[in-house]
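Peer 1: Below you'll find coords-v3.cif; it's mmCIF, C-alpha atoms.
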data_query
loop_
_atom_site.label_atom_id
_atom_site.label_comp_id
_atom_site.auth_asym_id
_atom_site.auth_seq_id
_atom_site.Cartn_x
_atom_site.Cartn_y
_atom_site.Cartn_z
CA MET M 180 -25.81 18.09 -3.25
CA ASP M 181 -28.31 17.47 -0.49
CA PHE M 182 -27.62 14.14 1.22
CA ASP M 183 -27.74 12.91 4.79
CA LEU M 184 -24.04 12.38 5.59
CA SER M 185 -24.63 10.73 8.97
CA PRO M 186 -22.35 7.72 9.60
CA ARG M 187 -24.19 4.44 9.14
CA SER M 188 -23.92 0.92 10.52
CA ALA M 189 -24.23 -2.04 8.16
CA GLN M 190 -27.34 -4.17 7.77
CA GLN M 191 -27.10 -7.93 8.28
CA LEU M 192 -27.88 -9.77 5.04
CA PHE M 193 -27.02 -13.31 6.15
CA ASP M 194 -26.45 -15.07 9.46
CA GLY M 195 -25.75 -18.74 10.17
CA GLU M 196 -23.49 -21.10 12.09
CA ALA M 197 -20.69 -20.47 9.59
CA GLY M 198 -20.76 -16.70 9.98
CA SER M 199 -22.52 -13.62 8.72
CA TYR M 200 -22.37 -10.96 6.05
CA TYR M 201 -23.27 -7.28 6.43
CA SER M 202 -23.75 -4.61 3.80
CA TRP M 203 -24.51 -0.92 3.49
CA SER M 204 -27.59 -0.45 1.32
CA SER M 205 -27.60 2.39 -1.20
CA SER M 206 -31.35 2.75 -0.67
CA GLU M 207 -30.70 3.51 3.00
CA PHE M 208 -27.44 5.38 2.30
CA PRO M 209 -28.00 7.20 -1.05
CA LEU M 210 -24.58 8.86 -1.00
CA LEU M 211 -23.06 5.44 -1.79
CA ALA M 212 -24.87 5.39 -5.11
CA GLU M 213 -24.02 9.04 -5.79
CA GLU M 214 -20.30 8.46 -5.28
CA LYS M 215 -20.46 4.91 -6.74
CA VAL M 216 -18.79 3.24 -3.78
CA GLY M 217 -19.79 0.11 -1.89
CA ALA M 218 -18.84 -1.59 1.37
CA GLY M 219 -19.49 -4.84 3.21
CA ARG M 220 -18.25 -6.85 6.19
CA LEU M 221 -17.69 -10.62 6.33
CA VAL M 222 -17.60 -12.48 9.65
CA LEU M 223 -16.38 -16.09 9.53
CA GLN M 224 -16.76 -18.41 12.50
CA PRO M 225 -14.18 -21.20 12.95
CA ARG M 226 -14.41 -23.54 9.92
CA GLY M 227 -16.74 -21.05 8.26
CA PHE M 228 -16.39 -21.12 4.46
CA ALA M 229 -17.59 -18.52 1.95
CA LEU M 230 -18.54 -20.42 -1.20
CA PRO M 231 -16.61 -19.56 -4.40
CA HIS M 232 -17.96 -16.43 -6.07
CA TYR M 233 -17.17 -13.39 -8.16
CA ALA M 234 -18.59 -9.87 -7.90
CA ASP M 235 -19.59 -6.99 -10.14
CA SER M 236 -17.02 -4.64 -8.56
CA SER M 237 -13.34 -4.62 -7.79
CA LYS M 238 -12.60 -4.05 -4.11
CA ILE M 239 -10.10 -4.35 -1.32
CA GLY M 240 -10.42 -6.42 1.82
CA TYR M 241 -9.01 -5.21 5.14
CA VAL M 242 -8.71 -7.84 7.88
CA LEU M 243 -10.10 -6.34 11.07
CA GLN M 244 -9.74 -9.43 13.25
CA GLY M 245 -8.31 -12.94 13.21
CA SER M 246 -5.07 -14.74 12.40
CA ASP M 247 -6.29 -17.97 10.76
CA GLY M 248 -8.00 -16.67 7.66
CA ILE M 249 -7.41 -18.23 4.26
CA VAL M 250 -8.42 -16.86 0.89
CA GLY M 251 -8.29 -18.66 -2.44
CA MET M 252 -8.38 -16.59 -5.61
CA VAL M 253 -8.36 -17.22 -9.34
CA LEU M 254 -7.41 -14.03 -11.13
CA PRO M 255 -9.03 -13.09 -14.46
CA ASN M 256 -7.52 -14.88 -17.45
CA SER M 257 -5.70 -17.28 -15.15
CA SER M 258 -6.08 -21.01 -14.68
CA LYS M 259 -4.20 -21.13 -11.37
CA GLU M 260 -5.67 -20.82 -7.89
CA VAL M 261 -3.64 -18.68 -5.49
CA VAL M 262 -4.07 -19.41 -1.78
CA LEU M 263 -3.03 -16.91 0.90
CA ARG M 264 -3.10 -16.84 4.69
CA LEU M 265 -4.75 -13.78 6.24
CA LYS M 266 -4.20 -12.07 9.57
CA LYS M 267 -5.27 -8.84 11.22
CA GLY M 268 -4.02 -5.79 9.33
CA ASP M 269 -3.74 -7.45 5.91
CA VAL M 270 -4.93 -5.49 2.88
CA ILE M 271 -5.85 -7.68 -0.10
CA PRO M 272 -7.12 -6.33 -3.42
CA VAL M 273 -9.77 -8.39 -5.21
CA PRO M 274 -9.64 -7.45 -8.91
CA HIS M 275 -12.71 -7.09 -11.08
CA GLY M 276 -13.82 -10.55 -12.21
CA ALA M 277 -11.62 -12.49 -9.80
CA LEU M 278 -13.11 -15.68 -8.34
CA SER M 279 -12.53 -16.07 -4.60
CA TRP M 280 -13.41 -18.15 -1.55
CA TRP M 281 -12.74 -17.32 2.10
CA TYR M 282 -12.21 -19.60 5.09
CA ASN M 283 -11.58 -19.41 8.84
CA ASN M 284 -9.03 -22.16 9.44
CA GLY M 285 -9.15 -21.81 13.22
CA ASP M 286 -10.59 -24.48 15.50
CA HIS M 287 -11.18 -22.20 18.45
CA SER M 288 -13.58 -19.34 19.03
CA GLU M 289 -11.81 -16.49 17.20
CA GLU M 290 -13.73 -14.97 14.34
CA VAL M 291 -12.13 -13.77 11.12
CA VAL M 292 -13.61 -10.38 10.23
CA ILE M 293 -12.91 -8.66 6.91
CA ALA M 294 -14.24 -5.30 5.70
CA PHE M 295 -14.56 -4.75 1.95
CA PHE M 296 -14.55 -1.44 0.06
CA GLY M 297 -14.75 -0.80 -3.66
CA GLN M 298 -15.98 1.36 -6.51
CA THR M 299 -19.24 0.34 -8.14
CA PHE M 300 -19.05 1.94 -11.59
CA LYS M 301 -20.04 -1.32 -13.30
CA ALA M 302 -22.28 -2.65 -10.54
CA HIS M 303 -25.84 -3.79 -11.13
CA ILE M 304 -26.87 -1.59 -8.21
CA PRO M 305 -24.72 1.56 -7.86
CA GLY M 306 -23.39 1.74 -4.31
CA GLU M 307 -23.65 -2.00 -3.63
CA PHE M 308 -21.75 -5.21 -4.38
CA THR M 309 -23.62 -8.04 -6.10
CA TYR M 310 -22.09 -11.51 -5.72
CA PHE M 311 -22.41 -14.42 -8.13
CA PHE M 312 -21.88 -17.79 -6.45
CA LEU M 313 -20.80 -20.83 -8.43
CA SER M 314 -22.68 -23.31 -6.24
CA GLY M 315 -25.21 -23.57 -3.43
CA GLY M 316 -28.79 -22.40 -3.06
CA LEU M 317 -27.98 -19.13 -4.88
CA GLY M 318 -25.47 -20.68 -7.27
CA ILE M 319 -25.13 -20.40 -11.02
CA MET M 320 -24.90 -24.18 -11.38
CA GLY M 321 -28.39 -24.66 -9.97
CA GLY M 322 -29.79 -21.95 -12.19
CA PHE M 323 -29.28 -23.87 -15.42
CA SER M 324 -31.59 -26.71 -16.38
CA THR M 325 -30.58 -30.36 -16.05
CA GLU M 326 -30.35 -30.58 -19.84
CA PHE M 327 -27.92 -27.69 -20.08
CA ILE M 328 -25.73 -28.94 -17.21
CA SER M 329 -25.63 -32.51 -18.58
CA ARG M 330 -24.63 -31.33 -22.05
CA ALA M 331 -22.07 -28.79 -20.78
CA TYR M 332 -20.30 -31.31 -18.56
CA LYS M 333 -21.00 -34.43 -20.69
CA MET M 334 -22.85 -36.44 -18.04
CA SER M 335 -26.23 -38.03 -17.49
CA GLY M 336 -29.23 -36.13 -16.16
CA LYS M 337 -28.91 -37.85 -12.80
CA GLU M 338 -25.25 -36.93 -12.57
CA ALA M 339 -26.06 -33.35 -13.63
CA ASP M 340 -28.61 -33.00 -10.82
CA LYS M 341 -26.08 -34.33 -8.34
CA LEU M 342 -23.48 -31.84 -9.56
CA ALA M 343 -25.76 -28.81 -9.53
CA LYS M 344 -28.02 -29.49 -6.54
CA SER M 345 -26.02 -31.39 -3.90
CA GLN M 346 -24.83 -28.20 -2.22
CA THR M 347 -27.88 -26.49 -0.72
CA GLY M 348 -26.02 -24.04 1.54
CA ILE M 349 -26.30 -20.31 0.88
CA MET M 350 -23.26 -17.99 0.84
CA LEU M 351 -21.54 -19.39 3.97
CA ILE M 352 -21.29 -23.00 5.11
CA LYS M 353 -19.51 -24.65 8.03
CA LEU M 354 -17.07 -27.41 7.10
CA GLU M 355 -16.79 -30.62 9.04
CA PRO M 356 -13.76 -31.12 11.34
CA GLY M 357 -10.82 -32.80 9.63
CA ILE M 358 -11.30 -31.25 6.20
CA SER M 359 -7.94 -29.93 5.07
CA MET M 360 -8.04 -26.85 2.87
CA PRO M 361 -5.25 -25.97 0.39
CA HIS M 362 -2.00 -24.72 1.89
CA PRO M 363 -1.13 -21.03 1.44
CA ASP M 364 1.34 -20.08 -1.27
CA MET M 365 4.11 -18.30 0.63
CA GLU M 366 6.05 -17.31 -2.50
CA ILE M 367 3.41 -14.87 -3.74
CA VAL M 368 2.42 -13.26 -0.42
CA GLU M 369 4.38 -10.04 -0.93
CA LYS M 370 2.83 -9.50 -4.35
CA MET M 371 -0.81 -9.87 -3.28
CA LEU M 372 -0.89 -8.99 0.43
CA TYR M 373 0.26 -6.00 2.45
CA ASN M 374 -0.03 -5.78 6.22
CA ILE M 375 -0.63 -2.11 6.92
CA ASP M 376 -0.77 -2.68 10.68
CA ASP M 377 2.84 -3.89 10.67
CA ALA M 378 4.11 -1.18 8.30
CA LEU M 379 6.23 1.75 9.43
CA ALA M 380 4.31 4.92 10.18
CA ASP M 381 4.35 7.87 7.79
CA VAL M 382 3.41 10.15 10.68
CA ASP M 383 3.91 9.28 14.35
CA VAL M 384 3.02 11.95 16.91
CA ARG M 385 3.40 11.45 20.62
CA GLY M 386 -0.02 11.87 22.18
CA GLY M 387 -1.52 12.32 18.72
CA GLY M 388 -1.38 8.96 17.05
CA VAL M 389 -0.12 7.14 13.96
CA PHE M 390 -0.89 7.70 10.28
CA LYS M 391 0.00 5.17 7.56
CA ALA M 392 -0.63 5.63 3.84
CA LEU M 393 -0.74 2.80 1.33
CA THR M 394 -0.68 3.55 -2.39
CA ALA M 395 0.24 1.60 -5.51
CA ALA M 396 3.76 3.05 -5.33
CA ARG M 397 4.31 0.99 -2.18
CA PHE M 398 2.02 -1.93 -3.07
CA PRO M 399 1.65 -2.26 -6.87
CA PHE M 400 -1.13 -4.90 -6.72
CA LEU M 401 -3.35 -2.17 -5.25
CA GLU M 402 -3.75 -0.85 -8.80
CA GLU M 403 -6.05 -3.80 -9.48
CA ALA M 404 -8.64 -2.25 -7.18
CA GLY M 405 -7.96 1.36 -8.20
CA LEU M 406 -7.93 2.49 -4.56
CA SER M 407 -5.58 3.79 -1.89
CA VAL M 408 -5.77 3.13 1.84
CA ASN M 409 -4.90 5.16 4.93
CA ARG M 410 -4.86 3.71 8.42
CA VAL M 411 -5.17 6.14 11.33
CA LYS M 412 -4.83 5.44 15.03
CA LEU M 413 -5.79 8.42 17.19
CA GLU M 414 -4.78 8.58 20.83
CA ALA M 415 -7.26 9.72 23.48
CA ASN M 416 -8.80 13.10 22.56
CA ALA M 417 -6.41 13.55 19.62
CA MET M 418 -7.50 15.11 16.34
CA TYR M 419 -7.32 14.14 12.68
CA SER M 420 -7.14 17.70 11.46
CA PRO M 421 -9.15 19.16 8.56
CA SER M 422 -8.38 17.97 5.05
CA TYR M 423 -10.04 17.62 1.67
CA THR M 424 -9.43 15.88 -1.66
CA VAL M 425 -8.38 18.15 -4.52
CA ASP M 426 -8.87 15.70 -7.39
CA GLY M 427 -12.65 15.49 -7.29
CA THR M 428 -12.88 12.20 -5.41
CA PHE M 429 -14.72 11.04 -2.33
CA GLN M 430 -13.31 9.73 0.95
CA VAL M 431 -14.70 6.74 2.85
CA PHE M 432 -13.96 6.25 6.54
CA TYR M 433 -14.63 3.02 8.43
CA VAL M 434 -14.18 3.07 12.20
CA ALA M 435 -12.51 -0.12 13.39
CA ARG M 436 -12.30 0.73 17.09
CA GLY M 437 -13.36 3.41 19.55
CA THR M 438 -15.59 6.44 19.25
CA GLY M 439 -15.23 10.10 18.40
CA ARG M 440 -16.76 13.16 16.83
CA VAL M 441 -16.69 14.18 13.18
CA GLN M 442 -17.40 17.43 11.39
CA VAL M 443 -17.79 17.94 7.63
CA VAL M 444 -17.92 21.36 5.93
CA GLY M 445 -19.35 21.64 2.43
CA THR M 446 -20.35 24.32 -0.03
CA GLY M 447 -20.84 27.88 1.15
CA GLY M 448 -18.86 27.18 4.33
CA LYS M 449 -21.83 25.25 5.71
CA ARG M 450 -21.18 22.66 8.41
CA VAL M 451 -23.17 19.78 6.95
CA LEU M 452 -22.29 17.21 9.62
CA ASP M 453 -21.43 17.42 13.31
CA THR M 454 -22.04 14.14 15.07
CA LYS M 455 -20.67 11.17 16.99
CA ILE M 456 -19.06 8.26 15.15
CA GLN M 457 -18.33 4.81 16.52
CA ALA M 458 -16.82 1.42 15.72
CA GLY M 459 -18.54 -0.36 12.85
CA GLN M 460 -19.85 2.79 11.20
CA LEU M 461 -19.13 4.00 7.68
CA LEU M 462 -18.75 7.66 6.75
CA VAL M 463 -18.73 8.91 3.14
CA VAL M 464 -17.36 12.40 2.55
CA PRO M 465 -18.36 13.93 -0.81
CA ARG M 466 -15.78 15.27 -3.22
CA PHE M 467 -14.09 18.54 -2.19
CA PHE M 468 -15.82 18.62 1.24
CA ALA M 469 -13.50 19.14 4.24
CA VAL M 470 -13.52 16.65 7.13
CA ALA M 471 -11.98 16.46 10.62
CA GLN M 472 -12.33 14.02 13.50
CA ILE M 473 -11.59 14.06 17.23
CA ALA M 474 -11.28 10.84 19.24
CA ASP M 475 -13.04 10.32 22.54
CA GLY M 476 -11.22 9.35 25.72
CA GLU M 477 -10.56 5.77 24.64
CA GLY M 478 -9.01 6.76 21.31
CA MET M 479 -10.19 5.77 17.86
CA GLU M 480 -8.87 3.74 14.93
CA PHE M 481 -10.15 3.97 11.36
CA VAL M 482 -9.22 3.24 7.77
CA SER M 483 -9.94 5.69 4.98
CA ILE M 484 -10.38 4.66 1.38
CA LEU M 485 -9.74 6.98 -1.57
CA PRO M 486 -10.18 6.36 -5.31
CA GLY M 487 -7.08 6.30 -7.46
CA THR M 488 -3.58 5.05 -6.90
CA SER M 489 -2.09 8.44 -6.00
CA PRO M 490 -4.80 10.47 -4.25
CA ALA M 491 -4.34 14.20 -3.74
CA VAL M 492 -5.29 15.36 -0.25
CA GLU M 493 -4.74 18.88 1.04
CA GLU M 494 -4.38 19.69 4.73
CA PHE M 495 -5.71 22.83 6.39
CA ALA M 496 -3.99 22.95 9.76
CA SER M 497 -0.50 21.45 9.57
CA LYS M 498 2.92 22.38 8.28
CA LYS M 499 1.68 21.10 4.89
CA SER M 500 -1.32 23.42 5.02
CA VAL M 501 -2.35 25.38 1.94
CA TRP M 502 -2.29 28.46 4.19
CA ASN M 503 1.47 28.16 4.44
CA ALA M 504 1.77 28.34 0.66
CA LEU M 505 0.07 31.73 0.55
CA SER M 506 2.10 34.90 0.86
CA PRO M 507 1.71 36.74 4.19
CA ILE M 508 -0.19 39.68 2.77
CA VAL M 509 -2.70 37.40 1.03
CA SER M 510 -3.33 35.55 4.29
CA GLN M 511 -3.68 38.84 6.18
CA VAL M 512 -6.33 40.30 3.92
CA ALA M 513 -8.14 36.98 3.45
CA LEU M 514 -8.45 36.53 7.23
CA SER M 515 -8.67 40.22 8.07
CA VAL M 516 -5.97 39.99 10.73
CA THR M 517 -2.86 41.97 11.66
CA PRO M 518 0.58 41.00 10.36
CA GLU M 519 1.51 39.89 13.89
CA PHE M 520 -1.47 37.55 14.16
CA GLU M 521 -0.84 36.16 10.68
CA GLU M 522 2.73 35.35 11.69
CA PHE M 523 1.51 33.72 14.91
CA PHE M 524 -1.07 31.71 12.96
CA LYS M 525 1.46 30.29 10.54
CA SER M 526 4.21 29.71 13.08
CA ALA M 527 1.84 27.53 15.10
CA MET M 528 1.15 25.34 12.07
CA GLN M 529 4.85 24.75 11.48
CA LYS M 530 4.91 22.55 14.57
CA THR M 531 1.94 20.34 13.71
CA THR M 532 0.99 17.44 11.44
CA ILE M 533 -2.37 16.06 10.37
CA LEU M 534 -2.49 14.34 13.77
CA ALA M 535 -2.86 16.80 16.63
CA PRO M 536 -2.50 15.83 20.31
CA PRO M 537 -5.09 17.21 22.75
CA PRO M 538 -4.31 20.65 24.21
CA ASN M 539 -2.35 20.66 27.45
#
Now, as a test, write the supplied structure out as structure tokens.
Peer 2:
Amino acid sequence: MDFDLSPRSAQQLFDGEAGSYYSWSSSEFPLLAEEKVGAGRLVLQPRGFALPHYADSSKIGYVLQGSDGIVGMVLPNSSKEVVLRLKKGDVIPVPHGALSWWYNNGDHSEEVVIAFFGQTFKAHIPGEFTYFFLSGGLGIMGGFSTEFISRAYKMSGKEADKLAKSQTGIMLIKLEPGISMPHPDMEIVEKMLYNIDDALADVDVRGGGVFKALTAARFPFLEEAGLSVNRVKLEANAMYSPSYTVDGTFQVFYVARGTGRVQVVGTGGKRVLDTKIQAGQLLVVPRFFAVAQIADGEGMEFVSILPGTSPAVEEFASKKSVWNALSPIVSQVALSVTPEFEEFFKSAMQKTTILAPPPN
């Protein structure tokens, strides 16, 4: 595998008064197509509305910013619209074939920003999401002829043109003040939403940071997207120590805040990446490759996405390290060290987790 693993920023595909949409192109980032994973970022201005659509991939949305977001969703084989309120930290799966719309219900200046990640096995373009809008300048309604629309909906040709062509906006439109969108359904929130920012930490290290893991065991609706999510907050100069997936799957990292440095080691012990990484960038780590990150002085926050509902990740430098599972003599000969140094090596790992504070 010979790919450029450098972290990439998204390209802007649409920009208007209602908001903007960004995507990572598989032509610019070939590893996305290789691993069949896609990503995008939606920015909604106040009263910005993403027209109803479905996509060719299941995905999850992670709310990076905002407290007045609203999403409406019609799940496959359902005739009921579910409406949910979104705030920073929410994780929401969007199943394959689900119809959805997105809205910033705020009247002030705060944007609602949502990052999307998903597998693209069935996508028209591997490594990218393709959206199908019901209405608007790119909508399905306008694609059919007047004759077909009039017969399908039992109306005159004039009425059919009005139905299919009145909305000329593309992707995102800004609603007029005073329009009242549907109220969120509070009874179904726990089934379809999970706020990972508010969740208890799985690992919390003073001076190191916080690690939170979200799988289908904790949030069953996550199975609809076939993904698991980790959220990591690194303190200043702290390290996310080396790890790798053992089940033949990739890892995707999206930096939400801060900057840092990342290294990736691949086949033959070759360091295939050693570079800076910053907020807004996406990193894809190929299957079985080992990755580690160190935050800069301001700290760094990122989410990592893994395929499957129970991902298998091995750590190299913590009390869960595979080194600790090996018998002392095997470690000694493998590392070519003395018994005393092997004991020192393993005793040091007993005190650490995947999050390592900076050295004193």
Peer 1: Write out as CSV a residue-level contact list of region 201-222 of chain M versus region 234-240 of chain M with cut-off 9 Å: for each qualifying residue the closest pair of atoms and the distance in Å to one decimal, counting only C-alpha atoms, rows sorted by chain and residue number upward.
Peer 2:
residue,atom,partner,partner_atom,distance
M:Gly217,CA,M:Lys238,CA,8.6
M:Ala218,CA,M:Lys238,CA,8.7
M:Arg220,CA,M:Gly240,CA,9.0
Peer 1: Given the point (0.8, -7.0, 5.1) in the coordinates of this file, which residues lie within 12 Å, counting only C-alpha atoms, and how would they look as a ChimeraX atom specification?
Peer 2: /M:240-242,263-272,368-379,393,397-398
Peer 1: Residues near Gly248 (chain M), anyone? I mean within 8 Å using all atoms listed in the file, not counting same-chain ones fewer than 3 positions away, as an NGL selection string.
Peer 2: :M and (245 or 264-266 or 281-285 or 291)
Peer 1: Nearest to Ala471 (chain M) among M:Pro305, M:Gly348, M:Pro518, M:Pro421, with distances taken over all atoms listed in the file: which residue is it?
Peer 2: M:Pro421
Peer 1: Quick one: residues within 7 Å of (-4.6, 0.8, 0.3) (file frame), counting only C-alpha atoms, please, as a PyMOL selection string.
Peer 2: chain M and resi 270+393-394+401+406-409
Peer 1: Tell me which of M:Met418, M:Ala197, M:Ala229, M:Leu313 sits closest to Pro538 (chain M), counting all atoms listed in the file.
Peer 2: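 Of M:Met418, M:Ala197, M:Ala229, M:Leu313, the one nearest Pro538 (chain M) is M:Met418, counting all atoms listed in the file.
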Peer 1: If the PyMOL selection byres ((chain M and resi 480) around 7) were run on this exact file, what residues would it hold? Put them as a PyMOL selection string.
Peer 2: chain M and resi 411-413+434-437+479+481
Peer 1: Restricted to C-alpha atoms, what would the selected residues look like written as a PDB file, in the coordinates of the input?
Peer 2:
ATOM      1  CA  VAL M 411      -5.170   6.140  11.330  1.00  0.00           C
ATOM      2  CA  LYS M 412      -4.830   5.440  15.030  1.00  0.00           C
ATOM      3  CA  LEU M 413      -5.790   8.420  17.190  1.00  0.00           C
ATOM      4  CA  VAL M 434     -14.180   3.070  12.200  1.00  0.00           C
ATOM      5  CA  ALA M 435     -12.510  -0.120  13.390  1.00  0.00           C
ATOM      6  CA  ARG M 436     -12.300   0.730  17.090  1.00  0.00           C
ATOM      7  CA  GLY M 437     -13.360   3.410  19.550  1.00  0.00           C
ATOM      8  CA  MET M 479     -10.190   5.770  17.860  1.00  0.00           C
ATOM      9  CA  PHE M 481     -10.150   3.970  11.360  1.00  0.00           C
TER      10      PHE M 481
END
Peer 1: Pick from M:Ser188, M:Ser500, M:Gln298, M:Ser335: nearest to Ala212 (chain M), with only C-alpha atoms counted?
Peer 2: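 Ranking M:Ser188, M:Ser500, M:Gln298, M:Ser335 by distance to Ala212 (chain M), first place goes to M:Gln298.
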Peer 1: Since I can't run it myself right now, could you work out what the PyMOL selection byres ((chain M and resi 487) around 12) selects here and report it as a list of chain:residue names?
Peer 2: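 Applied to this file, the PyMOL selection byres ((chain M and resi 487) around 12) selects M:Gly297, M:Gln298, M:Leu393, M:Thr394, M:Ala395, M:Ala396, M:Leu401, M:Glu402, M:Glu403, M:Ala404, M:Gly405, M:Leu406, M:Ser407, M:Val408, M:Thr424, M:Asp426, M:Gly427, M:Thr428, M:Phe429, M:Gln430, M:Ile484, M:Leu485, M:Pro486, M:Thr488, M:Ser489, M:Pro490, M:Ala491, M:Val492.
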Peer 1: For Met350 (chain M), which of M:Phe432, M:Phe524, M:Tyr200, M:Phe468 is the closest residue, counting only C-alpha atoms?
Peer 2: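 Of all the options, M:Tyr200 lies closest to Met350 (chain M).
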Peer 1: For each of M:Glu414, M:Glu477, M:Asp364, M:Glu307, take the minimum atom-to-atom distance to Val262 (chain M), counting only C-alpha atoms, then give the residue where this is smallest.
Peer 2: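 Checking each candidate against Val262 (chain M), we get M:Asp364 as the closest.
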Peer 1: Since I can't run it myself right now, could you work out what the PyMOL selection byres ((chain M and resi 347) around 10) selects here and report it as a list in words?
Peer 2: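 After applying the PyMOL selection byres ((chain M and resi 347) around 10), what remains is Ser314, Gly315, Gly316, Leu317, Gly318, Gly321, Ala343, Lys344, Ser345, Gln346, Gly348, Ile349, Met350 and Ile352 of chain M.
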Peer 1: Can you work out which one of M:Leu211, M:Leu230, M:Trp502, M:Trp203 has the shortest atom-to-atom distance to Lys353 (chain M), counting all atoms listed in the file?
Peer 2: M:Leu230
Peer 1: Skip Arg187 (chain M) itself and residues of its chain fewer than 3 positions away, then list as a ChimeraX atom specification all residues within 7 Å of it, counting only C-alpha atoms.
Peer 2: /M:460-462
Peer 1: Set the distance at 12 Å and use all atoms listed in the file: which residues neighbour Lys259 (chain M) once local chain neighbours fewer than 5 positions away are removed? I'd like the list as a ChimeraX atom specification.
Peer 2: /M:251-254,277-279,364
Peer 1: What is the distance between CA of Arg450 (chain M) and CA of Ala535 (chain M), in Å to one decimal?
Peer 2: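 Computed distance, CA of Arg450 (chain M) to CA of Ala535 (chain M), equals 20.9 Å.
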Peer 1: What is the CA of Phe311 (chain M)-CA of Ser288 (chain M) distance in Å, reported with one decimal?
Peer 2: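 Separating CA of Phe311 (chain M) from CA of Ser288 (chain M) is a distance of 29.0 Å.
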